[in-house]
Every structure is written in structure tokens, then in C-alpha cells.
$ cat run.pdb   # PDB, C-alpha atoms
MODEL        1
ATOM      1  CA  MET A  57     240.243  61.913-106.118
ATOM      2  CA  LYS A  58     237.790  59.386-107.510
ATOM      3  CA  VAL A  59     235.181  60.650-109.950
ATOM      4  CA  VAL A  60     232.068  59.122-111.477
ATOM      5  CA  ALA A  61     230.716  60.661-114.677
ATOM      6  CA  LEU A  62     227.165  60.127-115.944
ATOM      7  CA  ALA A  63     227.217  60.356-119.717
ATOM      8  CA  GLY A  64     225.329  59.856-122.928
ATOM      9  CA  GLY A  65     225.672  61.185-126.445
ATOM     10  CA  VAL A  66     228.475  63.183-128.034
ATOM     11  CA  GLY A  67     228.639  65.945-125.392
ATOM     12  CA  GLY A  68     228.885  63.414-122.586
ATOM     13  CA  ALA A  69     231.556  61.454-124.439
ATOM     14  CA  LYS A  70     233.662  64.583-125.019
ATOM     15  CA  LEU A  71     233.754  65.555-121.351
ATOM     16  CA  ALA A  72     234.351  61.930-120.333
ATOM     17  CA  TYR A  73     237.407  61.985-122.606
ATOM     18  CA  GLY A  74     238.619  65.191-120.985
ATOM     19  CA  LEU A  75     238.147  63.769-117.502
ATOM     20  CA  ALA A  76     240.035  60.625-118.487
ATOM     21  CA  GLN A  77     243.010  62.754-119.551
ATOM     22  CA  ALA A  78     242.848  65.011-116.489
ATOM     23  CA  LEU A  79     242.645  62.264-113.865
ATOM     24  CA  PRO A  80     245.192  59.588-112.903
ATOM     25  CA  ALA A  81     244.542  56.126-114.317
ATOM     26  CA  GLY A  82     241.957  54.263-112.282
ATOM     27  CA  ASN A  83     240.311  57.367-110.824
ATOM     28  CA  LEU A  84     237.438  57.725-113.301
ATOM     29  CA  THR A  85     234.330  55.617-113.827
ATOM     30  CA  VAL A  86     231.788  56.439-116.534
ATOM     31  CA  ILE A  87     228.192  55.251-116.179
ATOM     32  CA  VAL A  88     226.465  55.388-119.549
ATOM     33  CA  ASN A  89     222.858  55.699-120.626
ATOM     34  CA  THR A  90     221.430  52.601-122.325
ATOM     35  CA  GLY A  91     217.906  53.923-122.851
ATOM     36  CA  ASP A  92     218.925  54.474-126.500
ATOM     37  CA  ASP A  93     219.674  50.770-127.006
ATOM     38  CA  PHE A  94     217.616  48.944-129.600
ATOM     39  CA  GLU A  95     217.701  46.117-132.128
ATOM     40  CA  PHE A  96     218.377  46.732-135.802
ATOM     41  CA  PHE A  97     218.581  43.819-138.253
ATOM     42  CA  GLY A  98     218.460  41.613-135.164
ATOM     43  CA  LEU A  99     221.597  43.200-133.733
ATOM     44  CA  LYS A 100     221.928  44.706-130.264
ATOM     45  CA  VAL A 101     222.947  48.328-130.830
ATOM     46  CA  SER A 102     224.090  50.466-127.884
ATOM     47  CA  PRO A 103     224.633  53.933-129.398
ATOM     48  CA  ASP A 104     225.611  55.872-126.263
ATOM     49  CA  LEU A 105     227.873  53.135-124.924
ATOM     50  CA  ASP A 106     229.626  52.923-128.260
ATOM     51  CA  THR A 107     229.985  56.704-128.619
ATOM     52  CA  VAL A 108     231.543  56.956-125.154
ATOM     53  CA  CYS A 109     233.846  53.948-125.652
ATOM     54  CA  TYR A 110     234.924  54.943-129.168
ATOM     55  CA  THR A 111     235.685  58.459-127.914
ATOM     56  CA  LEU A 112     237.700  57.237-124.929
ATOM     57  CA  ALA A 113     239.596  54.894-127.253
ATOM     58  CA  GLY A 114     240.372  57.690-129.707
ATOM     59  CA  ILE A 115     238.658  55.878-132.574
ATOM     60  CA  ALA A 116     235.448  57.914-132.866
ATOM     61  CA  ASN A 117     234.579  59.688-136.094
ATOM     62  CA  PRO A 118     236.035  63.187-135.525
ATOM     63  CA  LYS A 119     233.461  64.857-137.815
ATOM     64  CA  THR A 120     230.250  63.393-136.384
ATOM     65  CA  GLY A 121     231.366  62.467-132.864
ATOM     66  CA  TRP A 122     229.589  59.111-133.242
ATOM     67  CA  GLY A 123     230.568  55.992-135.162
ATOM     68  CA  ARG A 124     234.091  54.885-136.067
ATOM     69  CA  ALA A 125     236.864  56.864-137.694
ATOM     70  CA  ASP A 126     237.925  55.815-141.205
ATOM     71  CA  GLU A 127     234.564  54.131-141.682
ATOM     72  CA  THR A 128     233.374  52.413-144.858
ATOM     73  CA  TRP A 129     229.767  51.738-145.829
ATOM     74  CA  HIS A 130     229.793  48.733-148.158
ATOM     75  CA  THR A 131     227.308  46.683-146.121
ATOM     76  CA  LEU A 132     224.849  49.580-145.907
ATOM     77  CA  GLU A 133     225.184  50.215-149.641
ATOM     78  CA  GLY A 134     224.434  46.547-150.305
ATOM     79  CA  LEU A 135     221.374  46.691-148.054
ATOM     80  CA  GLU A 136     220.142  49.796-149.863
ATOM     81  CA  GLU A 137     220.415  47.961-153.183
ATOM     82  CA  LEU A 138     218.121  45.277-151.746
ATOM     83  CA  GLY A 139     215.562  47.780-150.504
ATOM     84  CA  ALA A 140     216.305  47.132-146.823
ATOM     85  CA  PRO A 141     215.685  49.800-144.140
ATOM     86  CA  ASP A 142     218.610  52.191-144.173
ATOM     87  CA  TRP A 143     217.501  54.981-141.822
ATOM     88  CA  PHE A 144     219.988  53.946-139.112
ATOM     89  CA  ARG A 145     223.467  54.122-140.566
ATOM     90  CA  LEU A 146     225.730  51.260-139.540
ATOM     91  CA  GLY A 147     229.225  51.474-140.945
ATOM     92  CA  ASP A 148     231.306  48.370-141.592
ATOM     93  CA  ARG A 149     233.643  48.898-138.615
ATOM     94  CA  ASP A 150     230.730  49.779-136.371
ATOM     95  CA  LEU A 151     228.855  46.711-137.572
ATOM     96  CA  ALA A 152     231.591  44.472-136.168
ATOM     97  CA  THR A 153     230.901  45.874-132.694
ATOM     98  CA  HIS A 154     227.188  45.075-132.912
ATOM     99  CA  LEU A 155     227.743  41.621-134.360
ATOM    100  CA  GLU A 156     230.143  40.621-131.603
ATOM    101  CA  ARG A 157     228.019  42.216-128.860
ATOM    102  CA  THR A 158     224.970  40.310-130.074
ATOM    103  CA  ARG A 159     226.882  37.026-130.239
ATOM    104  CA  ARG A 160     228.204  37.402-126.723
ATOM    105  CA  LEU A 161     224.850  38.388-125.253
ATOM    106  CA  LYS A 162     223.209  35.384-126.905
ATOM    107  CA  ASN A 163     225.927  33.195-125.377
ATOM    108  CA  GLY A 164     225.022  34.413-121.886
ATOM    109  CA  GLN A 165     227.370  37.315-121.217
ATOM    110  CA  LYS A 166     225.888  40.414-119.612
ATOM    111  CA  LEU A 167     226.149  43.858-121.155
ATOM    112  CA  HIS A 168     228.587  45.133-118.510
ATOM    113  CA  GLN A 169     230.887  42.170-119.223
ATOM    114  CA  VAL A 170     230.781  42.767-122.970
ATOM    115  CA  THR A 171     231.478  46.467-122.440
ATOM    116  CA  ARG A 172     234.449  45.671-120.189
ATOM    117  CA  ASP A 173     235.930  43.273-122.750
ATOM    118  CA  PHE A 174     235.443  45.709-125.630
ATOM    119  CA  CYS A 175     237.140  48.482-123.652
ATOM    120  CA  ARG A 176     240.126  46.231-123.007
ATOM    121  CA  ALA A 177     240.339  45.370-126.696
ATOM    122  CA  TRP A 178     240.273  49.065-127.639
ATOM    123  CA  GLY A 179     242.812  50.054-124.989
ATOM    124  CA  VAL A 180     240.372  52.005-122.820
ATOM    125  CA  GLU A 181     241.701  52.108-119.259
ATOM    126  CA  VAL A 182     238.675  53.928-117.810
ATOM    127  CA  ALA A 183     236.018  51.785-116.131
ATOM    128  CA  VAL A 184     232.870  52.078-118.256
ATOM    129  CA  PHE A 185     229.557  50.628-117.087
ATOM    130  CA  PRO A 186     226.145  50.549-118.713
ATOM    131  CA  MET A 187     223.575  51.939-116.272
ATOM    132  CA  SER A 188     221.951  48.491-116.213
ATOM    133  CA  ASP A 189     222.234  45.076-117.817
ATOM    134  CA  ASP A 190     218.435  45.107-118.042
ATOM    135  CA  PRO A 191     216.697  46.767-120.989
ATOM    136  CA  VAL A 192     215.222  50.207-120.222
ATOM    137  CA  PRO A 193     214.176  51.460-123.672
ATOM    138  CA  THR A 194     213.232  55.121-123.896
ATOM    139  CA  GLN A 195     209.829  55.789-125.444
ATOM    140  CA  VAL A 196     209.043  59.305-126.635
ATOM    141  CA  LYS A 197     205.512  60.691-126.340
ATOM    142  CA  THR A 198     204.877  62.788-129.434
ATOM    143  CA  ASP A 199     202.019  64.380-131.339
ATOM    144  CA  GLU A 200     202.335  61.433-133.733
ATOM    145  CA  GLY A 201     202.038  58.821-130.984
ATOM    146  CA  MET A 202     204.574  56.918-128.921
ATOM    147  CA  LEU A 203     207.895  56.398-130.692
ATOM    148  CA  PRO A 204     210.935  54.339-129.673
ATOM    149  CA  PHE A 205     213.776  56.780-129.140
ATOM    150  CA  GLN A 206     215.875  55.880-132.183
ATOM    151  CA  GLU A 207     212.855  56.127-134.470
ATOM    152  CA  TYR A 208     212.139  59.613-133.083
ATOM    153  CA  PHE A 209     215.773  60.700-133.063
ATOM    154  CA  VAL A 210     217.166  59.192-136.270
ATOM    155  CA  ARG A 211     214.333  58.079-138.534
ATOM    156  CA  GLU A 212     212.094  61.091-137.821
ATOM    157  CA  ARG A 213     215.042  63.446-137.161
ATOM    158  CA  CYS A 214     213.379  64.801-133.982
ATOM    159  CA  ARG A 215     210.587  66.336-136.086
ATOM    160  CA  PRO A 216     207.527  65.255-134.013
ATOM    161  CA  ARG A 217     206.526  67.475-131.103
ATOM    162  CA  VAL A 218     207.472  65.968-127.730
ATOM    163  CA  SER A 219     205.187  65.831-124.679
ATOM    164  CA  GLY A 220     206.962  63.344-122.400
ATOM    165  CA  PHE A 221     209.128  60.262-121.997
ATOM    166  CA  ILE A 222     208.716  56.751-120.625
ATOM    167  CA  PHE A 223     211.668  54.599-119.582
ATOM    168  CA  GLN A 224     210.204  51.142-119.986
ATOM    169  CA  GLY A 225     211.276  48.619-117.393
ATOM    170  CA  ALA A 226     213.045  51.164-115.192
ATOM    171  CA  ASP A 227     210.919  50.089-112.229
ATOM    172  CA  LYS A 228     212.283  46.535-112.513
ATOM    173  CA  ALA A 229     215.804  47.200-113.787
ATOM    174  CA  ARG A 230     218.776  46.989-111.449
ATOM    175  CA  PRO A 231     222.022  48.948-111.727
ATOM    176  CA  ALA A 232     224.769  47.025-113.496
ATOM    177  CA  PRO A 233     227.370  45.363-111.243
ATOM    178  CA  GLY A 234     229.992  47.922-110.329
ATOM    179  CA  VAL A 235     227.694  50.947-110.496
ATOM    180  CA  LYS A 236     226.876  51.014-106.788
ATOM    181  CA  GLU A 237     230.469  50.551-105.660
ATOM    182  CA  SER A 238     231.708  53.236-108.049
ATOM    183  CA  ILE A 239     229.212  55.797-106.806
ATOM    184  CA  GLN A 240     229.780  54.974-103.155
ATOM    185  CA  ASP A 241     233.576  55.231-103.554
ATOM    186  CA  ALA A 242     233.441  58.484-105.543
ATOM    187  CA  ASP A 243     234.505  61.820-104.090
ATOM    188  CA  MET A 244     232.525  63.584-106.795
ATOM    189  CA  VAL A 245     229.883  62.800-109.420
ATOM    190  CA  VAL A 246     229.870  64.809-112.654
ATOM    191  CA  ILE A 247     226.765  64.880-114.832
ATOM    192  CA  CYS A 248     228.216  65.511-118.271
ATOM    193  CA  PRO A 249     226.661  67.993-120.738
ATOM    194  CA  SER A 250     224.309  65.331-122.055
ATOM    195  CA  ASN A 251     220.619  65.727-122.879
ATOM    196  CA  PRO A 252     218.874  65.835-119.457
ATOM    197  CA  TRP A 253     215.673  64.280-120.758
ATOM    198  CA  VAL A 254     216.944  61.279-122.716
ATOM    199  CA  SER A 255     220.602  60.773-121.769
ATOM    200  CA  VAL A 256     220.645  61.436-118.016
ATOM    201  CA  ASP A 257     217.062  60.836-116.843
ATOM    202  CA  PRO A 258     217.135  57.161-117.929
ATOM    203  CA  ILE A 259     220.173  56.623-115.668
ATOM    204  CA  LEU A 260     218.457  58.354-112.755
ATOM    205  CA  ALA A 261     215.297  56.310-113.360
ATOM    206  CA  VAL A 262     217.077  53.060-112.502
ATOM    207  CA  SER A 263     216.504  52.666-108.772
ATOM    208  CA  PRO A 264     218.275  53.339-106.473
ATOM    209  CA  ILE A 265     220.863  55.346-108.452
ATOM    210  CA  ARG A 266     219.218  58.697-107.693
ATOM    211  CA  GLU A 267     219.119  57.843-103.982
ATOM    212  CA  TRP A 268     222.824  56.971-103.999
ATOM    213  CA  LEU A 269     223.618  60.277-105.690
ATOM    214  CA  GLN A 270     221.721  62.236-103.028
ATOM    215  CA  GLU A 271     224.520  61.292-100.629
ATOM    216  CA  LYS A 272     227.310  62.555-102.902
ATOM    217  CA  THR A 273     228.772  65.828-104.153
ATOM    218  CA  VAL A 274     227.125  66.135-107.581
ATOM    219  CA  LEU A 275     227.821  68.797-110.177
ATOM    220  CA  ALA A 276     226.459  69.092-113.692
ATOM    221  CA  VAL A 277     227.653  70.839-116.830
ATOM    222  CA  SER A 278     224.916  72.536-118.832
ATOM    223  CA  PRO A 279     224.402  71.231-122.382
ATOM    224  CA  ILE A 280     222.571  74.465-123.236
ATOM    225  CA  ILE A 281     224.385  77.710-124.031
ATOM    226  CA  GLY A 282     222.180  80.742-124.392
ATOM    227  CA  SER A 283     218.934  79.128-125.515
ATOM    228  CA  ARG A 284     220.642  76.619-127.800
ATOM    229  CA  ALA A 285     221.691  73.039-127.298
ATOM    230  CA  VAL A 286     225.325  72.531-128.201
ATOM    231  CA  LYS A 287     224.238  69.396-130.067
ATOM    232  CA  GLY A 288     220.978  67.483-130.387
ATOM    233  CA  PRO A 289     217.340  68.233-129.527
ATOM    234  CA  ALA A 290     217.591  69.198-125.831
ATOM    235  CA  ALA A 291     216.517  72.811-126.368
ATOM    236  CA  LYS A 292     213.649  71.712-128.630
ATOM    237  CA  MET A 293     212.488  69.241-125.983
ATOM    238  CA  PHE A 294     212.556  71.849-123.225
ATOM    239  CA  ARG A 295     210.544  74.244-125.385
ATOM    240  CA  GLU A 296     207.955  71.638-126.349
ATOM    241  CA  MET A 297     207.600  70.624-122.698
ATOM    242  CA  GLY A 298     206.657  74.220-121.929
ATOM    243  CA  ILE A 299     210.024  75.253-120.459
ATOM    244  CA  GLU A 300     212.162  78.029-121.907
ATOM    245  CA  PRO A 301     215.533  76.382-122.672
ATOM    246  CA  SER A 302     218.378  77.883-120.663
ATOM    247  CA  ALA A 303     221.132  76.968-118.254
ATOM    248  CA  PHE A 304     218.689  77.863-115.464
ATOM    249  CA  ALA A 305     216.181  75.338-116.870
ATOM    250  CA  VAL A 306     218.831  72.596-116.885
ATOM    251  CA  ALA A 307     219.784  73.352-113.279
ATOM    252  CA  GLY A 308     216.109  73.276-112.326
ATOM    253  CA  HIS A 309     215.707  69.944-114.074
ATOM    254  CA  TYR A 310     218.241  68.356-111.705
ATOM    255  CA  GLY A 311     217.124  70.482-108.761
ATOM    256  CA  SER A 312     218.176  69.441-105.268
ATOM    257  CA  LEU A 313     220.436  66.706-106.669
ATOM    258  CA  LEU A 314     223.073  69.335-107.433
ATOM    259  CA  SER A 315     225.811  70.733-105.238
ATOM    260  CA  GLY A 316     227.379  72.612-108.134
ATOM    261  CA  PHE A 317     226.574  73.677-111.678
ATOM    262  CA  VAL A 318     228.855  74.695-114.547
ATOM    263  CA  ILE A 319     227.506  77.067-117.182
ATOM    264  CA  ASP A 320     229.019  78.814-120.173
ATOM    265  CA  GLU A 321     230.352  82.314-119.712
ATOM    266  CA  GLU A 322     227.711  83.481-122.196
ATOM    267  CA  ASP A 323     225.114  82.698-119.502
ATOM    268  CA  ARG A 324     226.927  84.523-116.694
ATOM    269  CA  GLU A 325     223.882  86.698-115.985
ATOM    270  CA  GLN A 326     222.004  83.580-114.800
ATOM    271  CA  VAL A 327     224.418  82.806-111.943
ATOM    272  CA  GLU A 328     222.508  84.691-109.246
ATOM    273  CA  GLU A 329     219.161  83.312-110.426
ATOM    274  CA  ILE A 330     220.442  79.738-110.237
ATOM    275  CA  GLN A 331     222.090  80.236-106.846
ATOM    276  CA  SER A 332     218.926  81.684-105.310
ATOM    277  CA  ALA A 333     216.453  79.241-106.858
ATOM    278  CA  ALA A 334     213.861  77.578-104.624
ATOM    279  CA  TRP A 335     215.068  74.028-105.305
ATOM    280  CA  GLY A 336     218.237  74.372-103.273
ATOM    281  CA  SER A 337     221.565  76.042-102.683
ATOM    282  CA  VAL A 338     223.804  75.482-105.694
ATOM    283  CA  SER A 339     227.274  76.881-106.318
ATOM    284  CA  VAL A 340     227.777  78.028-109.901
ATOM    285  CA  CYS A 341     230.902  78.256-112.043
ATOM    286  CA  ASP A 342     230.869  80.056-115.388
ATOM    287  CA  THR A 343     233.533  79.320-117.969
ATOM    288  CA  ASN A 344     233.974  78.472-121.631
ATOM    289  CA  THR A 345     232.151  75.141-122.015
ATOM    290  CA  TRP A 346     232.669  74.648-125.747
ATOM    291  CA  MET A 347     234.690  71.532-126.593
ATOM    292  CA  GLU A 348     235.650  71.857-130.241
ATOM    293  CA  THR A 349     239.096  70.290-129.783
ATOM    294  CA  GLU A 350     240.641  67.626-127.584
ATOM    295  CA  GLU A 351     242.587  70.336-125.791
ATOM    296  CA  GLU A 352     239.349  72.133-124.937
ATOM    297  CA  ARG A 353     237.861  68.910-123.569
ATOM    298  CA  VAL A 354     240.803  68.530-121.193
ATOM    299  CA  ARG A 355     240.753  72.208-120.225
ATOM    300  CA  LEU A 356     237.058  72.078-119.336
ATOM    301  CA  ALA A 357     237.524  68.816-117.440
ATOM    302  CA  ARG A 358     240.287  70.353-115.336
ATOM    303  CA  GLU A 359     238.136  73.380-114.574
ATOM    304  CA  VAL A 360     235.207  71.151-113.623
ATOM    305  CA  LEU A 361     237.417  69.108-111.306
ATOM    306  CA  ALA A 362     238.933  72.195-109.699
ATOM    307  CA  PHE A 363     235.444  73.608-109.113
ATOM    308  CA  GLY A 364     234.273  70.283-107.725
ATOM    309  CA  LYS A 365     237.119  70.182-105.205
ATOM    310  CA  THR A 366     235.796  73.420-103.684
ATOM    311  CA  LEU A 367     232.457  71.700-103.033
ATOM    312  CA  ILE A 368     233.705  68.558-101.310
TER     313      ILE A 368
ENDMDL
END
$ encode --input "run.pdb" --output "C-alpha cells"
Amino acid sequence: MKVVALAGGVGGAKLAYGLAQALPAGNLTVIVNTGDDFEFFGLKVSPDLDTVCYTLAGIANPKTGWGRADETWHTLEGLEELGAPDWFRLGDRDLATHLERTRRLKNGQKLHQVTRDFCRAWGVEVAVFPMSDDPVPTQVKTDEGMLPFQEYFVRERCRPRVSGFIFQGADKARPAPGVKESIQDADMVVICPSNPWVSVDPILAVSPIREWLQEKTVLAVSPIIGSRAVKGPAAKMFREMGIEPSAFAVAGHYGSLLSGFVIDEEDREQVEEIQSAAWGSVSVCDTNTWMETEEERVRLAREVLAFGKTLI
């Protein structure tokens, strides 16, 4: 069975890791959000791509979920001494990734090629694609004006109130080479428990990815348990957009795109509501969706795959 996962952020990376362990080699492709990409000190930084690749390689920081394990911070400390901006923390090991990515892009390589080469160097056997080689930077509409995503997320720590999102250039961007073929060949597409607004929507905004997905068996895993986001500002964003955060709200966000939906057992009482919602007939599976350990990532991935097989 061939599976495509749409992922961004720590939650997406964790389930992608679980899927990689649960599936035979060569049967998983991960398409990653690049709306978070930006330049810092002139370097091309791809936070979601790096989080997913580091996690798949087993070299991610186990405490934060992002960045490199066994990181040092000498460069950042030196920059702080000089009064340079230090709101986005780049560790020394992580810095090597951004330096080499920037060099290669300036020499004419495309982002999907750089990502492929980095995965090979790190021993990642899963096919990982950026959603596009073209820039599609996420802009956040807030009560303090329009903010580039990383400034909202990291510098401002998600403090401003959100009213909407713009994915600049999405109307002109094209899916990265390999994305179309992966989706068309897939038996199942899994939307990982990533933030629907800023990790998954940018992928869906790149035409014609959403149209391709309409022809596939698509299931999503809710990133919200109870009324809380497992990690990050998803619940806050739902609330500020006038939507009560819940598993039901996440399912409604994806609507008719879904064939199946996986929620945490804590939200079991929402199963009937989701299944009977006006936006379409969706099968629902409730289970333990927490992924505190690597074993739990693999367990959830296996349950997601088993559920998905019943929908094909």
C-alpha cells in the first residue's frame, strides 16, 4: 500500500516518523508545508521541511521536536554579543543546513533537489517533497497588522489576535516535481495532525493539489484533543476566527475532502456529530492520538493505516 502524508510542524513530523516505521521502504511519500519558509541573516530557512527531515533521520531535538539533537549555540551567542537579531534561534548544527541549502539554491538547484540530497546524506529513505519549489510565504492577518508567519509565531510568540491568512504566490506556484505522481500513485492520503490553518492549508492552496486529493481516499488526524491543541496555536487560531476549537471543527475545516477522520478517545462523544455533518459522509475512528514516545508514534501510525484500509 502506497501512502502520501501531508505534514508540517512537530505533530506532522511525529506521525510521518510513525508511518515510515510502519510501512515497507519505498511506500511512503511526505509532502511538506513550505509556507513557513523565510530568510534570516540572508539564509534560506525551511522550518517544517527541516523538522520533518530531522525527525525521519532520528536527529531531531527530542525535547523540543524541532532543531538538531546535541545542539550548540556558539554562533547565536556571538551574534547576541554584537547586538544582532536573536529572536529566531539557529543552532550551530542547524546553521549548517541553512548555509548549504542557501548555497545550493544560489547555484541553481531547486528546493526539491536540495531536500532529496539532504535526506540521502542523513540516511532518510522516505521520499520527502516540499509542496512547491516556488515561494508561498504565509502572511498572518492580526490586530497588529499583517505579519510574516515566523514573526507572528516566533518573534511575537503567537500573541497578536488572528483574523485570517494569506498564502502569497499560491495562485502562481506549481507543485514540486514528484508531488503529482506521488498523489496519483497513492492508495491513501493521510493529513497528519498538523495545524490546519498554517501547516496544511498552504499545501492545499497550491493548485491543483486539492483537486488531485478529491480523487483519493483522504483521512486526517485531529491535532486538537478536547479543546486544546496538542502543540502550537491551532486552538487559539480557531477561537480567534470565531470557531470553537474541537475535533469537529477540524473535520469541518477539511470538509468534503475527507473520507475518514481520526480523533482522540477523549473526543469520542463527537463521533456521531462528525459522521452526520452536512459537509459529507465521513467515517470516524477514535483512539489514543498522543505521541509522547517513538513507540506511540508507530502504534498510532499502524492504527491510522488499518483504519484507512477499511475506507479504500
$ closest_residue --input "run.pdb" --among "A:Met244, A:Leu269, A:Ile259, A:Leu275" --to "Phe223 (chain A)" --atoms "all atoms listed in the file"
A:Ile259
$ closest_residue --input "run.pdb" --among "A:Ser332, A:Thr198, A:Gln240, A:Thr158" --to "Thr171 (chain A)" --atoms "only C-alpha atoms"
A:Thr158
$ residues_around --input "run.pdb" --residues "Pro80 (chain A)" --least-positions-apart "5" --cutoff "12 Å" --atoms "only C-alpha atoms" --output "ChimeraX atom specification"
/A:57-59,74-75,85,181-182
$ write_last_selection --input "run.pdb" --atoms "C-alpha atoms" --output "mmCIF file, in the coordinates of the input"
data_model
loop_
_atom_site.group_PDB
_atom_site.id
_atom_site.type_symbol
_atom_site.label_atom_id
_atom_site.label_comp_id
_atom_site.auth_asym_id
_atom_site.auth_seq_id
_atom_site.Cartn_x
_atom_site.Cartn_y
_atom_site.Cartn_z
ATOM 1 C CA MET A 57 240.243 61.913 -106.118
ATOM 2 C CA LYS A 58 237.790 59.386 -107.510
ATOM 3 C CA VAL A 59 235.181 60.650 -109.950
ATOM 4 C CA GLY A 74 238.619 65.191 -120.985
ATOM 5 C CA LEU A 75 238.147 63.769 -117.502
ATOM 6 C CA THR A 85 234.330 55.617 -113.827
ATOM 7 C CA GLU A 181 241.701 52.108 -119.259
ATOM 8 C CA VAL A 182 238.675 53.928 -117.810
#
$ resolve_selection --input "run.pdb" --expression "the PyMOL selection byres ((chain A and resi 293) around 10)" --output "PyMOL selection string"
chain A and resi 214+217-220+251-254+288-292+294-301
$ residues_around --input "run.pdb" --residues "Phe317 (chain A)" --least-positions-apart "6" --cutoff "9 Å" --atoms "only C-alpha atoms" --output "PyMOL selection string"
chain A and resi 274-278+307+330+338-342
$ resolve_selection --input "run.pdb" --expression "the PyMOL selection byres ((chain A and resi 121) around 12)" --output "JSON, numbers by chain"
{"A": [64, 65, 66, 67, 68, 69, 70, 73, 103, 104, 106, 107, 108, 109, 110, 111, 112, 114, 115, 116, 117, 118, 119, 120, 122, 123, 124, 125, 287, 288, 347, 348, 349, 350]}
$ residues_around --input "run.pdb" --residues "Arg211 (chain A)" --least-positions-apart "5" --cutoff "8 Å" --atoms "all atoms listed in the file" --output "PyMOL selection string"
chain A and resi 143-144+206
$ atom_distance --input "run.pdb" --atom1 "CA of Gln165 (chain A)" --atom2 "CA of Thr90 (chain A)"
16.4 Å
$ resolve_selection --input "run.pdb" --expression "the PyMOL selection byres ((chain A and resi 367) around 8)" --output "ChimeraX atom specification"
/A:273,315-316,363-366,368
$ closest_residue --input "run.pdb" --among "A:Gly139, A:Phe185, A:Val327, A:Lys272" --to "Val246 (chain A)" --atoms "only C-alpha atoms"
A:Lys272
$ closest_residue --input "run.pdb" --among "A:Ala303, A:Leu135, A:Leu84, A:Ile222" --to "Thr194 (chain A)" --atoms "all atoms listed in the file"
A:Ile222
$ atom_distance --input "run.pdb" --atom1 "CA of Pro193 (chain A)" --atom2 "CA of Gly91 (chain A)"
4.5 Å
$ residues_near_point --input "run.pdb" --point "(230.0, 45.2, -111.6)" --cutoff "12 Å" --atoms "all atoms listed in the file" --output "PyMOL selection string"
chain A and resi 85+87+166-172+183-189+230-239
$ atom_distance --input "run.pdb" --atom1 "CA of Pro249 (chain A)" --atom2 "CA of Gly201 (chain A)"
28.2 Å
$ decode --input "run.pdb" --residues "region 100-116 of chain A" --atoms "N, CA and C atoms" --output "CSV table (one decimal), in the first residue's frame"
chain,number,residue,atom,x,y,z
A,100,LYS,N,18.3,30.9,3.6
A,100,LYS,CA,17.0,30.2,3.3
A,100,LYS,C,16.7,29.2,4.4
A,101,VAL,N,15.7,29.5,5.2
A,101,VAL,CA,15.3,28.6,6.3
A,101,VAL,C,14.0,28.0,6.0
A,102,SER,N,13.9,26.7,6.1
A,102,SER,CA,12.7,25.9,5.8
A,102,SER,C,12.4,25.1,7.1
A,103,PRO,N,11.7,25.7,8.0
A,103,PRO,CA,11.5,25.1,9.3
A,103,PRO,C,10.7,23.8,9.3
A,104,ASP,N,9.6,23.7,8.5
A,104,ASP,CA,8.8,22.5,8.5
A,104,ASP,C,9.6,21.4,7.8
A,105,LEU,N,10.2,21.7,6.7
A,105,LEU,CA,11.0,20.7,6.0
A,105,LEU,C,12.1,20.1,6.9
A,106,ASP,N,12.7,21.0,7.6
A,106,ASP,CA,13.8,20.5,8.4
A,106,ASP,C,13.3,19.7,9.6
A,107,THR,N,12.2,20.1,10.2
A,107,THR,CA,11.6,19.4,11.3
A,107,THR,C,11.2,18.0,10.9
A,108,VAL,N,10.6,17.9,9.7
A,108,VAL,CA,10.2,16.5,9.2
A,108,VAL,C,11.4,15.7,8.9
A,109,CYS,N,12.4,16.3,8.2
A,109,CYS,CA,13.6,15.5,7.8
A,109,CYS,C,14.4,15.1,9.0
A,110,TYR,N,14.7,16.0,9.9
A,110,TYR,CA,15.4,15.7,11.1
A,110,TYR,C,14.7,14.6,11.9
A,111,THR,N,13.4,14.6,12.0
A,111,THR,CA,12.7,13.6,12.7
A,111,THR,C,12.8,12.3,12.0
A,112,LEU,N,12.6,12.2,10.7
A,112,LEU,CA,12.7,11.0,10.0
A,112,LEU,C,14.1,10.4,10.1
A,113,ALA,N,15.1,11.3,10.2
A,113,ALA,CA,16.5,10.8,10.3
A,113,ALA,C,16.9,10.4,11.7
A,114,GLY,N,16.0,10.7,12.7
A,114,GLY,CA,16.4,10.4,14.1
A,114,GLY,C,17.4,11.4,14.7
A,115,ILE,N,17.5,12.6,14.1
A,115,ILE,CA,18.5,13.5,14.7
A,115,ILE,C,17.8,14.8,15.2
A,116,ALA,N,16.5,14.8,15.3
A,116,ALA,CA,15.8,15.9,15.9
A,116,ALA,C,16.0,16.1,17.4
